[in-house]
Amino acid sequence: MTLSPIDRDVFQHEIASIAEEMSSTLRRAAYSPIIWDMIDYACGLLDSEGQLIAQAPTIPAQLGIMSTAFRHITQTIPISGWRAGDIIICNDPFAGCSHTPDIVLFSPVVVGGRLVAVTSTVAHHVDVGGPVPGTENATALEVFGEGLILPPMKLYDRGRPDRNLLAVIARNLRDPAATTGDLNAQIAACRTGERRIADLVEKYGVEGFLARKSAVLDHSHTFIRAALSPYRGKSCRAEILIEDDAASAEPMRLAVEVTIGDGTLTADFTGTEPQRANGLNCPVASTISMAHYAVQAVFAPDQLLNDGFNRAIELVLPKDSLINPRAPAAVSCRHLTEQAVADVVLKALAQIAPDLSTAGSQISFPTFGIGGFDHRRAGEPRYFVTGDILGGGMGAGRGSAGASGVDCHGSNCALISGEIMEMTGPVRVVGTRLVPGSGGEGATTGGLAIERVYEVLADGLTVSGYLQQTRPETVPWGMDGGGAGAPAAVWIERAGGGSEPLVSKFIGVTMNRGDRLYLRSAGGAGWGLAS
């Protein structure tokens with residue numbers, strides 16, 4: 001079947017609009033503010049071979065794991081056994097998923113007895129059990145200490161829910177109503193995608209749909225090969241450090257050598273730190289996701305992304321390393337390391353293609369989870385879990401200043417609204433501000449960090465969290481003489497007086513009424529010498 005570029009591009013926007021409608025459905029139907037207010041979820045469409053063909057532009061870190069998760073899951077539940085109405089569930093970091101709070105759903109789209117596509121949603125659930133509210137625990141030694149692990153299973157079988165499985169899930173969580181509601185929203189998004197794909201197949205026919213899908217993927221591959229061709233033969237090595245502060249005071253090293261060939265790019269992570277006895281190890285699916293993101297951000301920033309781009313990218317990921325750990329390594333705080341994967345690849349690419357790149361951005365990702373009993377309402381106290389994530393400063397480009405107060409790279413989450421946090425639990429957002437002077441100096445300056453202050457309105461609450469880029473050796477890196485971004489920080493001011501600085505990984509800290517938690521992200525780095 002011969003297709004014109006117009007036919008191909010119209011179809012590409014049609015399937016992208018389906019992914020965006022799925023995203024709208026999930027956000028509107030979700031129970032938890034982390035989804036409908038902070039946008040910590042992703043929706044995508046895959047073909048029957050597991051290639052991502054369209055996505056909604058929300059969280060790159062979650063979108064990028066879908067194909068890897070599909071390949072792992074179909075080893076357990078072969079695609080030949082998927083039926084109309086099925087919903088496949090998994091959150092196992094060693095079965096292609098990221099960390100246990102990110103629950104992945106797949107649903108097959110069957111038209112006329114033929115599986116033509118797969119819809120997928122990934123959403124961060126506020127708690128999936130484990131030793132601390134919010135689940136994420138940098139001091140965990142094994143994945144078994146990071147909450148409920150769901151291997152690949154059918155949550156729905158031909159449209160019928162497995163109520164026993166749903167009961168097991170609910171019983172292992174601190175806030176079962178939230179997770180049940182959010183799973184239902186994910187299912188609704190998958191069903192929306194199923195209906196819209198069926199409409200497209202009716203419009204084009206099965207063979208017409210599949211031909212257009214293949215044309216879209218092939219065009220993306222052609223595009224990225226052309227984008228890489230001016231840099232053929234170039235190679236650069238980069239390294240960065242990130243904090244441990246859980247298993248060791250020694251920072252962790254990530255290293256990569258990026259080499260551009262004839263329409264190909266190889267990122268070899270040899271020299272990256274071995275895996276550690278902490279929750280900062282990064283599952284291979286997340287490493288793949290963020291390496292792909294970094295390449296696409298530089299060479300295809302304005303394109304509708306799919307797995308056609310990734311055909312040109314080869315990754316060398318040392319086994320038993322921080323970025324390809326062996327089970328049962330702990331991984332719940334993997335986001336810090338996956339952000340560093342993007343950062344180190346971007347650092348190498350900034351030297352290969354400086355006009356397309358930026359200096360180092362904040363990947364500090366200050367975040368916390370807090371839980372306990374809320375006594376503000378009449379009757380029995382209600383157990384709650386809530387939390388927040390801060391953006392910070394983007395690195396400057398060669399000719400442009402860095403953006404301020406953004407959640408960079410793989411995260412892309414929004415700040416939780418202060419009113420929403422206080423509604424969710426007895427925690428008040430006292431203030432939010434950009435930090436003056438936190439962007440690195442240069443011919444173009446880095447973006448500004450965010451500082452946020454939270455006051456606890458009840459006694460006996462438990463808070464845990466993490467961040468990075470708190471030390472001189474880990475702050476965002478400048479380019480061509482540009483200054484580094486200002487470091488991130490976290491501390492508590494007690495109601496009775498006194499300030500307590502916290503390390504970059506803090507677990508199970510008790511806070512009482514009137515105590516205040518201060519979170520500050522890192523500023524973006526500058527580019528070039530300041531005049």
# chains A, B, ... in the order shown; residues from 1 in each chain; ligands from 1
>>> closest_atom_pairs(of="region 338-450 of chain A", to="region 221-245 of chain A", cutoff="12 Å", atoms="only C-alpha atoms", output="tab-separated table")
residue	atom	partner	partner_atom	distance
A:Glu338	CA	A:Ile242	CA	11.0
A:Gln339	CA	A:Ile242	CA	10.1
A:Ala340	CA	A:Ile242	CA	7.5
A:Val341	CA	A:Ile240	CA	9.3
A:Ala342	CA	A:Ile240	CA	10.8
A:Asp343	CA	A:Ile240	CA	8.0
A:Val344	CA	A:Glu239	CA	6.1
A:Val345	CA	A:Ala238	CA	7.4
A:Leu346	CA	A:Ala238	CA	8.9
A:Lys347	CA	A:Ala238	CA	6.2
A:Ala348	CA	A:Ala238	CA	5.1
A:Leu349	CA	A:Cys236	CA	7.5
A:Ala350	CA	A:Cys236	CA	9.4
A:Gln351	CA	A:Cys236	CA	7.0
A:Ile352	CA	A:Lys234	CA	6.6
A:Ala353	CA	A:Tyr231	CA	7.6
A:Pro354	CA	A:Tyr231	CA	11.2
A:Leu356	CA	A:Ala227	CA	11.1
A:Gly360	CA	A:Ile240	CA	10.3
A:Gln362	CA	A:Ile242	CA	11.9
A:Ile363	CA	A:Ile242	CA	9.7
A:Ser364	CA	A:Ile242	CA	9.3
A:Phe365	CA	A:Ile242	CA	11.9
>>> select_by_dssp(residues="region 398-507 of chain A", states="strand (DSSP E or B)", output="ChimeraX atom specification")
/A:406,427-434,444,450-456,461-466,479,489-493,499-501,505-507
>>> residues_around(residues="Gly44 (chain A)", least_positions_apart="3", cutoff="6 Å", atoms="only C-alpha atoms", output="ChimeraX atom specification")
/A:19,54-55,120
>>> residues_around(residues="Cys190 (chain A)", least_positions_apart="6", cutoff="10 Å", atoms="only C-alpha atoms", output="list in words")
Ala19, Met22, Ser23, Thr25, Leu26, Cys43, Gly44, Leu45, Ile87, Leu105, Phe106, Ser107, Pro108, Val109, Val118, Thr119, Ser120, Thr121 and Asn184 of chain A
>>> residues_around(residues="Ala414 (chain A)", least_positions_apart="5", cutoff="8 Å", atoms="only C-alpha atoms", output="number ranges by chain")
A: 37-39, 389-391, 407
>>> select_by_dssp(residues="region 205-411 of chain A", states="alpha helix (DSSP H)", output="PyMOL selection string")
chain A and resi 205-228+284-299+307-310+334-352
>>> atom_distance(atom1="CA of Ser361 (chain A)", atom2="CA of Ala401 (chain A)")
11.6 Å
>>> closest_atom_pairs(of="region 97-197 of chain A", to="region 441-462 of chain A", cutoff="12 Å", atoms="only C-alpha atoms", output="CSV")
residue,atom,partner,partner_atom,distance
A:Pro131,CA,A:Thr462,CA,10.9
A:Val132,CA,A:Thr462,CA,7.7
A:Pro133,CA,A:Thr462,CA,7.3
A:Gly134,CA,A:Thr462,CA,10.2
A:Thr135,CA,A:Thr462,CA,12.0
>>> atom_distance(atom1="CA of Tyr466 (chain A)", atom2="CA of Pro176 (chain A)")
24.5 Å
>>> residues_around(residues="Ile77 (chain A)", least_positions_apart="4", cutoff="8 Å", atoms="only C-alpha atoms", output="PyMOL selection string")
chain A and resi 73+81-82+152-153
>>> closest_residue(among="A:Lys213, A:Met421, A:Ile187, A:Arg428", to="Glu14 (chain A)", atoms="only C-alpha atoms")
A:Lys213
>>> residues_around(residues="region 396-399 of chain A", least_positions_apart="5", cutoff="7 Å", atoms="only C-alpha atoms", output="number ranges by chain")
A: 355, 357-359, 444-446, 524-527
>>> write_last_selection(atoms="C-alpha atoms", output="tab-separated table (two decimals), in the first residue's frame")
chain	number	residue	atom	x	y	z
A	355	ASP	CA	23.81	24.39	19.67
A	357	SER	CA	21.87	21.41	24.15
A	358	THR	CA	21.78	23.03	27.57
A	359	ALA	CA	24.08	23.16	30.57
A	444	THR	CA	23.31	33.04	29.66
A	445	THR	CA	22.15	32.22	33.18
A	446	GLY	CA	20.57	29.12	34.63
A	524	GLY	CA	20.16	25.46	36.70
A	525	ALA	CA	23.73	26.00	35.51
A	526	GLY	CA	24.95	28.83	33.28
A	527	TRP	CA	26.50	28.72	29.81
>>> atom_distance(atom1="CA of Leu150 (chain A)", atom2="CA of Asp175 (chain A)")
17.1 Å
>>> closest_residue(among="A:Asp218, A:Asp480, A:Asp388, A:Glu380", to="Arg8 (chain A)", atoms="only C-alpha atoms")
A:Asp218
